[in-house]
$ cat protein.cif   # mmCIF, C-alpha atoms
data_final
#
loop_
_atom_site.label_atom_id
_atom_site.label_comp_id
_atom_site.auth_asym_id
_atom_site.auth_seq_id
_atom_site.Cartn_x
_atom_site.Cartn_y
_atom_site.Cartn_z
CA MET U 1 -212.52 -97.14 -103.48
CA LYS U 2 -209.90 -94.42 -103.37
CA ASN U 3 -209.83 -94.51 -99.55
CA HIS U 4 -209.50 -98.27 -99.57
CA LEU U 5 -206.55 -98.02 -101.96
CA LEU U 6 -205.01 -95.35 -99.80
CA GLU U 7 -205.32 -97.50 -96.65
CA ARG U 8 -203.74 -100.49 -98.39
CA SER U 9 -200.88 -98.42 -99.66
CA VAL U 10 -200.23 -97.03 -96.18
CA VAL U 11 -200.21 -100.57 -94.72
CA LEU U 12 -197.83 -101.77 -97.42
CA THR U 13 -195.59 -98.81 -96.80
CA PHE U 14 -195.39 -99.73 -93.10
CA ILE U 15 -194.63 -103.35 -93.96
CA THR U 16 -191.77 -102.43 -96.28
CA PHE U 17 -190.42 -99.65 -94.05
CA PRO U 18 -188.37 -101.92 -91.71
CA LEU U 19 -186.73 -103.53 -94.76
CA PHE U 20 -185.82 -100.09 -95.99
CA ILE U 21 -184.46 -99.03 -92.59
CA SER U 22 -182.41 -102.20 -92.08
CA SER U 23 -180.71 -101.72 -95.44
CA CYS U 24 -180.03 -98.10 -94.50
CA ILE U 25 -178.10 -99.13 -91.41
CA ASN U 26 -175.66 -101.49 -93.05
CA LEU U 27 -175.15 -99.36 -96.13
CA LYS U 28 -174.47 -96.43 -93.86
CA THR U 29 -171.75 -98.43 -92.08
CA VAL U 30 -170.01 -99.16 -95.39
CA GLY U 31 -170.55 -95.55 -96.46
CA ASP U 32 -169.07 -94.14 -93.23
CA TYR U 33 -166.08 -96.46 -93.41
CA SER U 34 -165.47 -95.52 -97.06
CA ALA U 35 -165.79 -91.79 -96.31
CA ILE U 36 -163.24 -91.85 -93.51
CA SER U 37 -160.93 -94.03 -95.62
CA ILE U 38 -161.11 -91.58 -98.53
CA GLU U 39 -160.43 -88.63 -96.22
CA SER U 40 -157.38 -90.39 -94.84
CA ILE U 41 -156.06 -91.62 -98.23
CA ARG U 42 -156.41 -88.11 -99.69
CA ASN U 43 -153.94 -86.86 -97.09
CA PHE U 44 -151.38 -88.27 -99.50
CA GLU U 45 -151.83 -85.08 -101.48
CA GLU U 46 -150.94 -83.08 -98.37
CA ILE U 47 -147.59 -84.81 -97.91
CA ASP U 48 -145.04 -82.17 -98.76
CA TYR U 49 -142.40 -84.64 -99.87
CA SER U 50 -141.78 -86.96 -102.79
CA PHE U 51 -139.01 -89.00 -104.34
CA LEU U 52 -138.37 -86.23 -106.86
CA GLN U 53 -138.22 -83.64 -104.07
CA HIS U 54 -135.68 -85.82 -102.30
CA CYS U 55 -133.53 -85.97 -105.43
CA LEU U 56 -133.70 -82.18 -105.90
CA ASP U 57 -132.84 -81.62 -102.22
CA ARG U 58 -129.85 -83.90 -102.61
CA CYS U 59 -128.60 -81.83 -105.54
CA THR U 60 -128.95 -78.67 -103.46
CA ASP U 61 -127.10 -80.30 -100.52
CA GLU U 62 -124.28 -81.35 -102.83
CA ALA U 63 -124.06 -77.87 -104.34
CA ILE U 64 -123.89 -76.32 -100.85
CA GLN U 65 -121.20 -78.76 -99.81
CA THR U 66 -118.99 -78.07 -102.80
CA PHE U 67 -119.94 -74.40 -102.99
CA GLU U 68 -121.00 -74.90 -106.57
CA ILE U 69 -122.92 -72.03 -108.12
CA LYS U 70 -124.53 -72.72 -111.49
CA ARG U 71 -127.06 -70.84 -113.57
CA ALA U 72 -129.48 -73.76 -113.30
CA GLN U 73 -129.57 -76.82 -111.11
CA ASP U 74 -128.30 -79.83 -113.01
CA CYS U 75 -129.93 -82.96 -111.56
CA SER U 76 -130.58 -86.37 -112.97
CA CYS U 77 -133.76 -87.49 -111.23
CA GLU U 78 -135.48 -89.82 -113.74
CA LEU U 79 -135.46 -92.80 -111.38
CA TYR U 80 -137.06 -90.69 -108.65
CA GLN U 81 -139.71 -89.40 -111.04
CA GLU U 82 -140.50 -92.99 -111.95
CA ALA U 83 -140.82 -93.87 -108.27
CA ASP U 84 -143.29 -90.99 -107.86
CA SER U 85 -145.31 -92.22 -110.85
CA VAL U 86 -145.57 -95.67 -109.29
CA THR U 87 -146.71 -94.15 -105.99
CA GLN U 88 -149.30 -92.08 -107.85
CA VAL U 89 -150.70 -95.20 -109.55
CA PHE U 90 -151.18 -96.81 -106.12
CA TYR U 91 -152.88 -93.70 -104.79
CA ASN U 92 -155.22 -93.38 -107.77
CA SER U 93 -156.26 -97.04 -107.73
CA ILE U 94 -156.90 -97.21 -103.98
CA GLU U 95 -158.67 -93.84 -103.85
CA GLY U 96 -160.77 -94.80 -106.89
CA TYR U 97 -161.94 -98.01 -105.28
CA PHE U 98 -162.97 -96.40 -101.98
CA GLN U 99 -164.61 -93.54 -103.85
CA GLY U 100 -166.69 -96.05 -105.80
CA LEU U 101 -167.57 -98.06 -102.71
CA GLY U 102 -168.56 -94.85 -100.90
CA ASN U 103 -170.72 -93.61 -103.77
CA LEU U 104 -172.45 -96.95 -104.12
CA SER U 105 -173.32 -97.08 -100.43
CA GLN U 106 -174.74 -93.55 -100.33
CA ASN U 107 -178.47 -93.49 -99.75
CA GLU U 108 -178.85 -90.43 -101.99
CA LEU U 109 -178.05 -92.72 -104.90
CA THR U 110 -181.42 -94.45 -104.69
CA GLN U 111 -183.54 -91.53 -103.54
CA TYR U 112 -185.72 -91.30 -106.56
CA SER U 113 -188.20 -88.57 -107.23
CA SER U 114 -191.60 -89.39 -108.66
CA ASN U 115 -192.72 -85.77 -108.80
CA ALA U 116 -192.93 -85.99 -112.58
CA LEU U 117 -195.33 -88.93 -112.31
CA ILE U 118 -197.50 -87.21 -109.68
CA GLY U 119 -197.58 -84.13 -111.88
CA THR U 120 -198.72 -86.17 -114.87
CA LEU U 121 -201.38 -88.08 -112.96
CA THR U 122 -202.92 -85.01 -111.37
CA ALA U 123 -202.62 -82.60 -114.29
CA ASP U 124 -205.86 -80.85 -115.17
CA GLU U 125 -205.18 -81.18 -118.87
CA LEU U 126 -205.60 -84.95 -118.71
CA GLY U 127 -209.23 -84.55 -119.54
CA PRO U 128 -211.64 -87.15 -118.20
CA VAL U 129 -209.00 -89.02 -116.15
CA LYS U 130 -208.87 -87.41 -112.71
CA ILE U 131 -206.81 -88.68 -109.82
CA GLU U 132 -206.70 -86.86 -106.49
CA GLU U 133 -203.29 -85.51 -105.59
CA ARG U 134 -203.48 -87.26 -102.18
CA THR U 135 -204.02 -90.65 -103.82
CA ALA U 136 -201.33 -90.06 -106.43
CA SER U 137 -198.90 -89.13 -103.65
CA ALA U 138 -199.74 -92.29 -101.71
CA PHE U 139 -199.10 -94.46 -104.77
CA SER U 140 -195.92 -92.58 -105.45
CA SER U 141 -194.74 -93.01 -101.86
CA LEU U 142 -195.46 -96.72 -101.98
CA SER U 143 -193.74 -97.25 -105.31
CA ASN U 144 -190.75 -95.23 -104.12
CA THR U 145 -190.44 -97.31 -100.97
CA LEU U 146 -190.66 -100.57 -102.90
CA LEU U 147 -188.25 -99.30 -105.53
CA ARG U 148 -185.86 -98.12 -102.85
CA ALA U 149 -186.07 -101.43 -100.99
CA SER U 150 -185.37 -103.42 -104.14
CA THR U 151 -182.55 -101.15 -105.34
CA ASP U 152 -181.05 -101.08 -101.84
CA PHE U 153 -181.18 -104.87 -101.82
CA TYR U 154 -179.46 -104.81 -105.21
CA ARG U 155 -176.86 -102.34 -103.94
CA ARG U 156 -176.20 -104.45 -100.86
CA LYS U 157 -175.76 -107.53 -103.03
CA LYS U 158 -173.36 -105.69 -105.32
CA ILE U 159 -171.41 -104.20 -102.41
CA VAL U 160 -170.96 -107.66 -100.90
CA GLU U 161 -169.74 -108.91 -104.28
CA TYR U 162 -167.27 -106.04 -104.65
CA ILE U 163 -165.93 -106.35 -101.11
CA GLU U 164 -165.43 -110.07 -101.70
CA GLN U 165 -163.60 -109.60 -105.00
CA ALA U 166 -161.61 -106.57 -103.90
CA ASN U 167 -160.36 -107.76 -100.53
CA GLU U 168 -157.32 -109.71 -101.71
CA PRO U 169 -156.02 -107.11 -104.21
CA ILE U 170 -156.84 -104.13 -101.96
CA GLN U 171 -154.98 -105.74 -99.04
CA ILE U 172 -151.92 -106.16 -101.27
CA LEU U 173 -152.16 -102.63 -102.66
CA LEU U 174 -152.64 -101.02 -99.24
CA GLU U 175 -149.73 -103.02 -97.84
CA LYS U 176 -147.42 -102.03 -100.70
CA PHE U 177 -148.59 -98.40 -100.64
CA GLU U 178 -147.80 -98.34 -96.92
CA LEU U 179 -144.40 -99.87 -97.67
CA ILE U 180 -143.63 -97.21 -100.28
CA ILE U 181 -144.59 -94.36 -97.96
CA SER U 182 -143.48 -95.44 -94.51
CA ASN U 183 -140.51 -97.49 -95.60
CA ASN U 184 -139.07 -96.34 -98.93
CA LEU U 185 -139.90 -92.63 -98.89
CA LYS U 186 -139.25 -92.40 -95.15
CA LYS U 187 -135.90 -94.15 -95.56
CA GLU U 188 -134.89 -91.63 -98.21
CA LEU U 189 -135.19 -89.10 -95.40
CA ARG U 190 -132.85 -91.23 -93.29
CA PHE U 191 -130.22 -90.71 -96.00
CA LYS U 192 -130.93 -86.98 -95.96
CA ARG U 193 -130.46 -87.01 -92.18
CA GLU U 194 -127.15 -88.85 -92.48
CA ARG U 195 -125.92 -86.44 -95.16
CA LEU U 196 -126.79 -83.54 -92.88
CA TYR U 197 -124.95 -85.17 -89.96
CA ALA U 198 -121.89 -85.79 -92.16
CA TYR U 199 -121.88 -82.17 -93.37
CA TYR U 200 -121.98 -80.65 -89.88
CA THR U 201 -119.56 -83.15 -88.28
CA ASP U 202 -117.06 -82.48 -91.08
CA MET U 203 -117.44 -78.78 -90.38
CA LYS U 204 -116.78 -79.40 -86.70
CA MET U 205 -113.85 -81.79 -87.20
CA ASN U 206 -112.21 -79.52 -89.78
CA ARG U 207 -112.46 -76.65 -87.29
CA THR U 208 -113.90 -74.50 -90.04
CA LEU U 209 -115.88 -72.46 -87.56
CA THR U 210 -113.92 -70.26 -85.23
CA SER U 211 -116.17 -67.88 -83.33
CA ASP U 212 -118.63 -69.00 -80.65
CA TYR U 213 -121.40 -67.30 -82.59
CA GLU U 214 -120.63 -69.33 -85.76
CA LYS U 215 -120.50 -72.55 -83.77
CA GLY U 216 -123.76 -71.76 -82.03
CA LYS U 217 -125.43 -70.78 -85.30
CA ALA U 218 -124.26 -73.96 -87.06
CA THR U 219 -125.50 -76.11 -84.18
CA ALA U 220 -128.88 -74.36 -84.19
CA ASP U 221 -129.13 -74.75 -87.98
CA TYR U 222 -128.30 -78.44 -87.73
CA TYR U 223 -130.96 -79.18 -85.11
CA GLN U 224 -133.53 -77.09 -86.93
CA ALA U 225 -132.93 -79.01 -90.16
CA LEU U 226 -132.95 -82.29 -88.24
CA GLU U 227 -136.27 -81.44 -86.61
CA ALA U 228 -137.83 -80.66 -90.00
CA ILE U 229 -136.71 -84.05 -91.31
CA GLN U 230 -137.97 -85.88 -88.22
CA ARG U 231 -141.33 -84.14 -88.50
CA LYS U 232 -141.62 -85.28 -92.10
CA GLU U 233 -140.70 -88.82 -91.03
CA MET U 234 -143.45 -88.79 -88.41
CA GLU U 235 -145.93 -87.53 -90.97
CA LEU U 236 -145.11 -90.40 -93.33
CA ASP U 237 -145.34 -92.83 -90.42
CA VAL U 238 -148.78 -91.62 -89.40
CA PHE U 239 -150.01 -91.81 -92.99
CA GLY U 240 -148.66 -95.35 -93.26
CA LYS U 241 -150.42 -96.36 -90.03
CA SER U 242 -153.74 -95.06 -91.33
CA LEU U 243 -153.34 -97.22 -94.46
CA ALA U 244 -152.82 -100.24 -92.20
CA GLU U 245 -156.00 -99.39 -90.25
CA ILE U 246 -157.97 -99.01 -93.48
CA ALA U 247 -156.73 -102.45 -94.56
CA LYS U 248 -157.85 -103.95 -91.22
CA GLY U 249 -161.25 -102.31 -91.61
CA HIS U 250 -161.65 -103.79 -95.09
CA GLN U 251 -160.71 -107.20 -93.75
CA VAL U 252 -163.49 -106.89 -91.14
CA LEU U 253 -165.93 -105.93 -93.90
CA TYR U 254 -164.79 -108.93 -95.91
CA GLU U 255 -165.09 -111.37 -93.02
CA ASN U 256 -168.59 -110.10 -92.23
CA ARG U 257 -169.69 -109.54 -95.82
CA ASN U 258 -172.57 -111.96 -95.53
CA LYS U 259 -173.75 -110.42 -92.28
CA LEU U 260 -173.78 -106.84 -93.43
CA SER U 261 -177.17 -106.31 -91.82
CA VAL U 262 -175.85 -107.28 -88.37
CA LYS U 263 -175.77 -104.21 -86.18
CA ASN U 264 -172.54 -105.14 -84.48
CA LEU U 265 -170.71 -104.71 -87.79
CA GLN U 266 -171.09 -101.01 -87.11
CA GLU U 267 -169.48 -101.50 -83.71
CA LEU U 268 -166.74 -103.67 -85.20
CA LEU U 269 -165.85 -101.05 -87.77
CA GLN U 270 -166.23 -98.18 -85.35
CA GLY U 271 -162.86 -99.02 -83.76
CA TYR U 272 -160.99 -98.89 -87.06
CA SER U 273 -162.82 -95.78 -88.19
CA SER U 274 -162.00 -93.92 -84.98
CA ASN U 275 -158.36 -95.06 -85.19
CA VAL U 276 -158.20 -93.65 -88.73
CA LYS U 277 -159.90 -90.44 -87.50
CA GLY U 278 -157.27 -90.11 -84.76
CA LEU U 279 -154.46 -90.62 -87.28
CA ILE U 280 -155.99 -88.02 -89.63
CA SER U 281 -155.98 -85.50 -86.81
CA GLU U 282 -152.39 -86.43 -85.87
CA PHE U 283 -151.37 -86.04 -89.51
CA ASN U 284 -153.03 -82.64 -89.77
CA LYS U 285 -151.24 -81.43 -86.64
CA LEU U 286 -147.88 -82.51 -88.06
CA ASN U 287 -148.68 -80.93 -91.39
CA ASP U 288 -149.62 -77.55 -89.94
CA MET E 1 -129.79 -114.41 -113.76
CA ALA E 2 -132.95 -113.84 -111.70
CA ASN E 3 -134.33 -110.30 -111.52
CA LEU E 4 -133.82 -108.19 -108.43
CA THR E 5 -136.94 -108.03 -106.22
CA SER E 6 -138.04 -104.91 -104.35
CA ASP E 7 -137.30 -106.64 -101.01
CA GLN E 8 -133.75 -107.44 -102.12
CA ALA E 9 -133.28 -103.88 -103.37
CA GLN E 10 -134.43 -102.51 -100.01
CA GLN E 11 -132.01 -104.81 -98.21
CA LEU E 12 -129.19 -103.59 -100.44
CA SER E 13 -130.14 -100.00 -99.73
CA ASP E 14 -130.02 -100.72 -95.97
CA ASN E 15 -126.56 -102.25 -96.40
CA PHE E 16 -125.30 -99.17 -98.24
CA PHE E 17 -126.71 -96.94 -95.53
CA ASP E 18 -125.11 -98.97 -92.71
CA LEU E 19 -121.76 -98.97 -94.50
CA SER E 20 -121.90 -95.23 -94.94
CA VAL E 21 -122.68 -94.71 -91.23
CA ALA E 22 -119.81 -97.04 -90.32
CA ILE E 23 -117.40 -95.05 -92.49
CA THR E 24 -118.55 -91.75 -90.92
CA ASP E 25 -118.08 -93.15 -87.40
CA PHE E 26 -114.68 -94.62 -88.30
CA ARG E 27 -113.57 -91.33 -89.82
CA ILE E 28 -114.60 -89.31 -86.75
CA ALA E 29 -112.97 -91.81 -84.35
CA ASN E 30 -109.68 -91.79 -86.31
CA TRP E 31 -109.66 -88.18 -87.49
CA GLU E 32 -106.22 -87.38 -86.12
CA LYS E 33 -104.66 -90.64 -87.35
CA LEU E 34 -105.86 -90.33 -90.94
CA SER E 35 -103.83 -88.47 -93.55
CA LEU E 36 -105.59 -85.67 -95.41
CA GLU E 37 -105.79 -87.84 -98.50
CA GLU E 38 -107.22 -90.83 -96.60
CA ASN E 39 -109.73 -88.58 -94.92
CA LYS E 40 -110.82 -87.08 -98.21
CA GLU E 41 -111.14 -90.49 -99.85
CA LEU E 42 -113.23 -91.87 -97.00
CA GLY E 43 -115.45 -88.78 -97.12
CA GLU E 44 -116.07 -89.23 -100.83
CA THR E 45 -116.71 -92.97 -100.46
CA ARG E 46 -119.26 -92.22 -97.77
CA TYR E 47 -121.18 -89.83 -100.04
CA LYS E 48 -121.07 -92.30 -102.92
CA LEU E 49 -122.49 -95.01 -100.67
CA LEU E 50 -125.25 -92.70 -99.50
CA LYS E 51 -126.11 -91.79 -103.06
CA SER E 52 -126.16 -95.41 -104.23
CA GLY E 53 -128.35 -96.40 -101.27
CA GLU E 54 -130.85 -93.65 -102.10
CA ASP E 55 -130.93 -94.59 -105.78
CA ILE E 56 -131.48 -98.26 -104.95
CA LEU E 57 -134.37 -97.31 -102.67
CA ALA E 58 -136.03 -95.38 -105.50
CA LEU E 59 -135.41 -98.38 -107.75
CA ALA E 60 -137.02 -100.67 -105.12
CA THR E 61 -140.17 -98.55 -105.40
CA THR E 62 -140.34 -98.94 -109.16
CA LEU E 63 -139.82 -102.71 -108.82
CA ILE E 64 -142.97 -102.97 -106.63
CA MET E 65 -145.03 -102.07 -109.69
CA ASP E 66 -144.20 -105.34 -111.46
CA GLU E 67 -145.03 -107.31 -108.32
CA VAL E 68 -148.54 -105.89 -107.94
CA ALA E 69 -149.58 -105.66 -111.60
CA ASP E 70 -152.21 -108.37 -111.08
CA SER E 71 -153.73 -106.70 -107.98
CA LEU E 72 -153.75 -103.32 -109.70
CA GLY E 73 -155.56 -104.80 -112.68
CA LYS E 74 -158.16 -106.46 -110.45
CA ILE E 75 -158.89 -103.32 -108.41
CA ASN E 76 -159.20 -101.16 -111.49
CA THR E 77 -161.66 -103.65 -113.02
CA ILE E 78 -163.73 -103.72 -109.81
CA THR E 79 -163.73 -99.90 -109.64
CA ALA E 80 -164.95 -99.69 -113.24
CA ASP E 81 -167.65 -102.25 -112.40
CA ILE E 82 -168.76 -100.22 -109.36
CA LYS E 83 -169.04 -97.12 -111.54
CA GLY E 84 -171.21 -99.12 -113.95
CA THR E 85 -173.52 -100.18 -111.10
CA ILE E 86 -173.80 -96.58 -109.92
CA LYS E 87 -174.72 -95.55 -113.46
CA THR E 88 -177.41 -98.27 -113.59
CA LEU E 89 -178.91 -97.03 -110.32
CA ARG E 90 -178.88 -93.45 -111.56
CA THR E 91 -180.61 -94.52 -114.79
CA ILE E 92 -183.60 -95.66 -112.71
CA GLN E 93 -184.43 -92.00 -112.06
CA LYS E 94 -184.36 -91.42 -115.80
CA GLY E 95 -186.68 -94.41 -116.24
CA LEU E 96 -189.13 -92.88 -113.78
CA ASP E 97 -189.10 -89.57 -115.62
CA VAL E 98 -189.60 -91.25 -118.99
CA ALA E 99 -192.45 -93.35 -117.53
CA ALA E 100 -194.20 -90.16 -116.41
CA THR E 101 -194.05 -88.71 -119.92
CA LEU E 102 -195.26 -92.02 -121.39
CA VAL E 103 -198.31 -91.96 -119.10
CA ALA E 104 -199.17 -88.52 -120.43
CA LEU E 105 -198.65 -89.72 -124.01
CA GLY E 106 -200.93 -92.73 -123.40
CA ILE E 107 -203.67 -90.52 -122.05
CA ALA E 108 -203.29 -88.12 -124.99
CA ILE E 109 -203.60 -91.03 -127.44
CA ILE E 110 -206.75 -92.32 -125.69
CA ALA E 111 -208.17 -88.78 -125.81
CA LYS E 112 -207.31 -88.70 -129.56
CA ASP E 113 -205.91 -85.22 -129.13
CA PRO E 114 -203.28 -84.67 -131.88
CA GLN E 115 -201.95 -81.47 -130.32
CA ARG E 116 -201.40 -83.13 -126.94
CA ILE E 117 -199.96 -86.26 -128.63
CA GLY E 118 -197.34 -84.11 -130.40
CA LYS E 119 -196.50 -82.32 -127.15
CA SER E 120 -196.24 -85.61 -125.25
CA ILE E 121 -193.96 -87.21 -127.85
CA LYS E 122 -191.64 -84.25 -127.50
CA SER E 123 -191.70 -84.67 -123.68
CA VAL E 124 -190.87 -88.38 -124.01
CA PHE E 125 -188.01 -87.53 -126.34
CA ASP E 126 -186.70 -84.81 -124.01
CA ALA E 127 -186.86 -87.09 -120.96
CA TRP E 128 -185.17 -89.90 -122.87
CA THR E 129 -182.33 -87.79 -124.21
CA ALA E 130 -181.75 -85.89 -120.94
CA PRO E 131 -178.43 -86.90 -119.36
CA SER E 132 -178.57 -89.17 -116.26
CA VAL E 133 -177.73 -87.19 -113.12
#
$ encode --input "protein.cif" --output "structure tokens"
Amino acid sequence: MKNHLLERSVVLTFITFPLFISSCINLKTVGDYSAISIESIRNFEEIDYSFLQHCLDRCTDEAIQTFEIKRAQDCSCELYQEADSVTQVFYNSIEGYFQGLGNLSQNELTQYSSNALIGTLTADELGPVKIEERTASAFSSLSNTLLRASTDFYRRKKIVEYIEQANEPIQILLEKFELIISNNLKKELRFKRERLYAYYTDMKMNRTLTSDYEKGKATADYYQALEAIQRKEMELDVFGKSLAEIAKGHQVLYENRNKLSVKNLQELLQGYSSNVKGLISEFNKLND
Amino acid sequence: MANLTSDQAQQLSDNFFDLSVAITDFRIANWEKLSLEENKELGETRYKLLKSGEDILALATTLIMDEVADSLGKINTITADIKGTIKTLRTIQKGLDVAATLVALGIAIIAKDPQRIGKSIKSVFDAWTAPSV
């Protein structure tokens, strides 16, 4: 009887195994895409520039220009702090969504352990009821596989629902977040660049500098400062591009939401994921 | 009067920037022709334009918030919902653990063993009150 039960459970396990594997593949695709998106979005925290920083830099530039020495810097930066708060809200909401999507698609989430049940069924202290450990394990394995298959099916259904509901708002949020970073914040740097240019050209036109050494030093300082600004601009650009790629990837997920088990979804998303990976590496190089 | 949109604010900021660049270029091109006073005034105007352009750009960023309030609300609701689903899936493990203790309790009751019944009830309680991982 026990052997017969064992055989049946093994057969059932084999029948349900492909279902389990197929759900693994598509969930993995969503999981991989979410993971790379989170990694890229979190680079926001590595950006060494903000609206507030821009405002403080401007105060310093003005003080240098007017040779103003005060005990403490006196800057009015409330508007810039507000702009940073808005940016932070975007970051938190987008990161939170991808974090949730990533967690939900992780297979570890539905890897349940039935060790407690096996322990109970095979314990010596159960008295007259005796079940062989091998049989208890087979039942446990079968119930785990069935449980996993049903919960994975549930997860897939929920993920499809979330992708469907989230696509429109997440597209808007990613687009606006990109706009804030690669347009607004980057354009603040354009003003910084222009202020720098004005400062050094005034110095040149006023013939403030007399010796060749001073002229050479001022020119070197100017280009060094300019390079630092341009590097920051590139960094913001790269981050913005990665947000655009993440948005495209989500659109692909949305368009194929009802075919999440199709293998080519993995191939479709692969392109966006590797583009994001490339941009992460470019960002890291610029940020070094 | 209609409220300023973030797009309009960005456009204004661009205009201030372009004007400032034009003044700088004009000043450099006419340096020798301008009186000291004119030169100083143009220099100050240029900085004021730069400053206004920067401030308007920061303002444009804050204006975006009002334009995406609906999308932000939706995404935050979905994220909360996802967290709820994750919690449900994690509770299944707790259910399995509680089931195991209930099996032991059932067997203890059938065996009419008061000592084991007491021990099993405690195990059920412990499994039930244990936090979900």
$ resolve_selection --input "protein.cif" --expression "the PyMOL selection byres ((chain U and resi 271-281) around 12)" --output "ChimeraX atom specification"
/U:29-44,46,234-253,264-270,282-288
$ atom_distance --input "protein.cif" --atom1 "CA of Gly102 in chain U" --atom2 "CA of Arg90 in chain E"
14.9 Å
$ interface_residues --input "protein.cif" --of "chain E" --to "chain U" --cutoff "8 Å" --atoms "all atoms listed in the file" --output "PyMOL selection string"
chain E and resi 10+17+21+24+28+31+47+50+53-55+57-62+64-65+68+70-72+74-76+78-79+82-83+85-86+89-90+92-93+96-97+99-101+103-104+107-108+111
$ atom_distance --input "protein.cif" --atom1 "CA of Asn30 in chain E" --atom2 "CA of Thr210 in chain U"
22.0 Å
$ atom_distance --input "protein.cif" --atom1 "CA of Ala29 in chain E" --atom2 "CA of Phe16 in chain E"
20.0 Å
$ resolve_selection --input "protein.cif" --expression "the PyMOL selection byres ((chain E and resi 128-132) around 7)" --output "list in words"
Arg90, Thr91, Lys94, Val98, Val124, Phe125, Asp126, Ala127 and Val133 of chain E
